[in-house]
Amino acid sequence: MIFAIFAQKLLEVTKNKGYINMNKKVLILSGSPRIGGNSDILCDEFMRGATESGNIVEKINVSRKKIGYCNGCYYCQSHNGECAIKDDMTEVLQKMIDADVLVLASPVYFYSIDAQLKALIDRTVARWTEVKNKEFYYIATCADGIEGLDRTIECFRGYADCVNGAKECGIIYGHSVYQKGEIKDKPAMKEAFEMGKNI
């Protein structure tokens with residue numbers, strides 16, 4: 001009992017002194033256009049775990065945002081990171097810059113990520129050097145076995161490779177699911193919750 005009290009006091013002191021960061025800003029980018037689909041459900045479980053452990057968590061359903069495709073015009077280069085396209089990406093990109101943790105989630109579409117998430121990633125080019133020092137987690141789901149996720153995970157990694165100071169911290173493999181909600185009976189549900197809880 002005395003040790004438990006001492007440990008709690010020590011935790012409070014180290015937190016107050018800034019030695020550890022108990023509250024991370026977590027941004028979950030759920031790419032699936034199927035709201036409540038399998039990858040989106042895993043995002044919710046990750047969010048539940050991360051919130052339970054005291055983090056500040058936000059999930060964005062990318063398909064519900066108005067995010068156009070990058071035109072490759074490089075207007076942003078001569079306008080201090082301002083994009084020529086005026087849509088929701090301005091707000092989303094700022095949230096990505098401010099976050100400590102980025103969670104990228106997508107179903108497998110032809111062994112790649114879906115178009116909605118890819119459009120978002122491409123639009124980060126406007127201020128891509130400001131997205132730095134992030135912890136990355138990946139969530140992917142597919143109808144095939146676990147090997148069907150490999151190239152989609154590589155798409156996530158391709159983006160992270162462009163982020164200075166990026167650190168890959170975990171992957172949730174939601175395989176062998178097709179119909180909406182099938183993931184609920186899979187081990188990935190518990191894995192997503194625990195991974196979120198332990199960030």
# chains A, B, ... in the order shown; residues from 1 in each chain; ligands from 1

call {"tool": "closest_atom_pairs", "arguments": {"of": "segment 65-133 of chain A", "to": "segment 153-165 of chain A", "cutoff": "8 Å", "atoms": "only C-alpha atoms", "output": "JSON lines"}}
result
{"residue": "A:Leu104", "atom": "CA", "partner": "A:Phe156", "partner_atom": "CA", "distance": 7.1}
{"residue": "A:Ser112", "atom": "CA", "partner": "A:Cys155", "partner_atom": "CA", "distance": 6.7}
{"residue": "A:Ile113", "atom": "CA", "partner": "A:Cys155", "partner_atom": "CA", "distance": 6.8}
{"residue": "A:Ile121", "atom": "CA", "partner": "A:Tyr159", "partner_atom": "CA", "distance": 7.3}
{"residue": "A:Trp128", "atom": "CA", "partner": "A:Val163", "partner_atom": "CA", "distance": 7.4}
{"residue": "A:Thr129", "atom": "CA", "partner": "A:Val163", "partner_atom": "CA", "distance": 7.1}
{"residue": "A:Val131", "atom": "CA", "partner": "A:Val163", "partner_atom": "CA", "distance": 6.3}
{"residue": "A:Lys132", "atom": "CA", "partner": "A:Asn164", "partner_atom": "CA", "distance": 4.9}
{"residue": "A:Asn133", "atom": "CA", "partner": "A:Gly165", "partner_atom": "CA", "distance": 4.1}

call {"tool": "write_last_selection", "arguments": {"atoms": "C-alpha atoms", "output": "PDB file, in the first residue's frame"}}
result
ATOM      1  CA  LEU A 104      -3.617   6.010 -40.754  1.00  0.00           C
ATOM      2  CA  SER A 112      -3.470  -0.274 -52.007  1.00  0.00           C
ATOM      3  CA  ILE A 113      -5.038   2.384 -49.794  1.00  0.00           C
ATOM      4  CA  ILE A 121      -1.788  12.364 -48.113  1.00  0.00           C
ATOM      5  CA  TRP A 128       4.793  18.636 -45.652  1.00  0.00           C
ATOM      6  CA  THR A 129       7.993  19.695 -43.863  1.00  0.00           C
ATOM      7  CA  VAL A 131       4.491  17.397 -40.385  1.00  0.00           C
ATOM      8  CA  LYS A 132       7.412  16.033 -38.375  1.00  0.00           C
ATOM      9  CA  ASN A 133       8.377  13.988 -35.325  1.00  0.00           C
TER      10      ASN A 133
END

call {"tool": "residues_around", "arguments": {"residues": "segment 21-36 of chain A", "least_positions_apart": "6", "cutoff": "6 Å", "atoms": "only C-alpha atoms", "output": "ChimeraX atom specification"}}
result
/A:54-63,99-106,116-117

call {"tool": "write_last_selection", "arguments": {"atoms": "C-alpha atoms", "output": "JSON list (two decimals), in the first residue's frame"}}
result
[["chain", "number", "residue", "atom", "x", "y", "z"],
["A", 54, "GLY", "CA", -5.85, 9.91, -20.88],
["A", 55, "ASN", "CA", -4.85, 11.07, -24.33],
["A", 56, "ILE", "CA", -6.54, 13.75, -26.40],
["A", 57, "VAL", "CA", -8.00, 11.88, -29.35],
["A", 58, "GLU", "CA", -9.82, 12.95, -32.49],
["A", 59, "LYS", "CA", -11.02, 10.76, -35.33],
["A", 60, "ILE", "CA", -11.65, 12.22, -38.75],
["A", 61, "ASN", "CA", -13.73, 10.31, -41.27],
["A", 62, "VAL", "CA", -11.88, 11.46, -44.36],
["A", 63, "SER", "CA", -14.76, 10.68, -46.72],
["A", 99, "ALA", "CA", -0.67, 15.96, -33.43],
["A", 100, "ASP", "CA", 1.87, 13.82, -31.60],
["A", 101, "VAL", "CA", 0.43, 10.61, -32.99],
["A", 102, "LEU", "CA", -0.98, 9.91, -36.46],
["A", 103, "VAL", "CA", -3.11, 6.83, -37.07],
["A", 104, "LEU", "CA", -3.62, 6.01, -40.75],
["A", 105, "ALA", "CA", -6.45, 3.61, -41.52],
["A", 106, "SER", "CA", -7.74, 2.17, -44.77],
["A", 116, "GLN", "CA", -9.92, 9.27, -50.09],
["A", 117, "LEU", "CA", -6.88, 8.75, -47.88]]

call {"tool": "residues_around", "arguments": {"residues": "segment 84-87 of chain A", "least_positions_apart": "6", "cutoff": "7 Å", "atoms": "only C-alpha atoms", "output": "PDB file with C-alpha atoms, in the first residue's frame"}}
result
ATOM      1  CA  LYS A  66     -14.286  17.971 -48.703  1.00  0.00           C
ATOM      2  CA  ILE A  67     -10.735  17.242 -49.842  1.00  0.00           C
ATOM      3  CA  TYR A  75       0.963  27.375 -55.726  1.00  0.00           C
ATOM      4  CA  CYS A  76       1.842  26.409 -52.145  1.00  0.00           C
TER       5      CYS A  76
END

call {"tool": "residues_around", "arguments": {"residues": "Arg48 of chain A", "least_positions_apart": "4", "cutoff": "9 Å", "atoms": "only C-alpha atoms", "output": "NGL selection string"}}
result
:A and (43-44 or 52-53 or 57 or 193 or 196-197)

call {"tool": "residues_around", "arguments": {"residues": "Tyr69 of chain A", "least_positions_apart": "6", "cutoff": "9 Å", "atoms": "only C-alpha atoms", "output": "compact mmCIF listing (two decimals) with C-alpha atoms, in the first residue's frame"}}
result
# COMPACT_ATOMS: atom_id res chain seq x y z
CA ILE A 85 -7.65 24.64 -53.36
CA LYS A 118 -4.46 8.98 -50.78
CA ALA A 119 -5.91 12.36 -51.77
CA LEU A 120 -5.39 13.58 -48.20
CA ASP A 122 -1.00 14.02 -51.44
CA ARG A 123 -2.44 17.33 -50.23

call {"tool": "select_by_dssp", "arguments": {"residues": "segment 3-159 of chain A", "states": "strand (DSSP E or B)", "output": "ChimeraX atom specification"}}
result
/A:25-30,56-61,101-107,135-141

call {"tool": "atom_distance", "arguments": {"atom1": "atom CA of Lys184 of chain A", "atom2": "atom CA of Gly37 of chain A"}}
result
10.3 Å

call {"tool": "atom_distance", "arguments": {"atom1": "atom CA of Tyr109 of chain A", "atom2": "atom CA of Lys95 of chain A"}}
result
25.9 Å
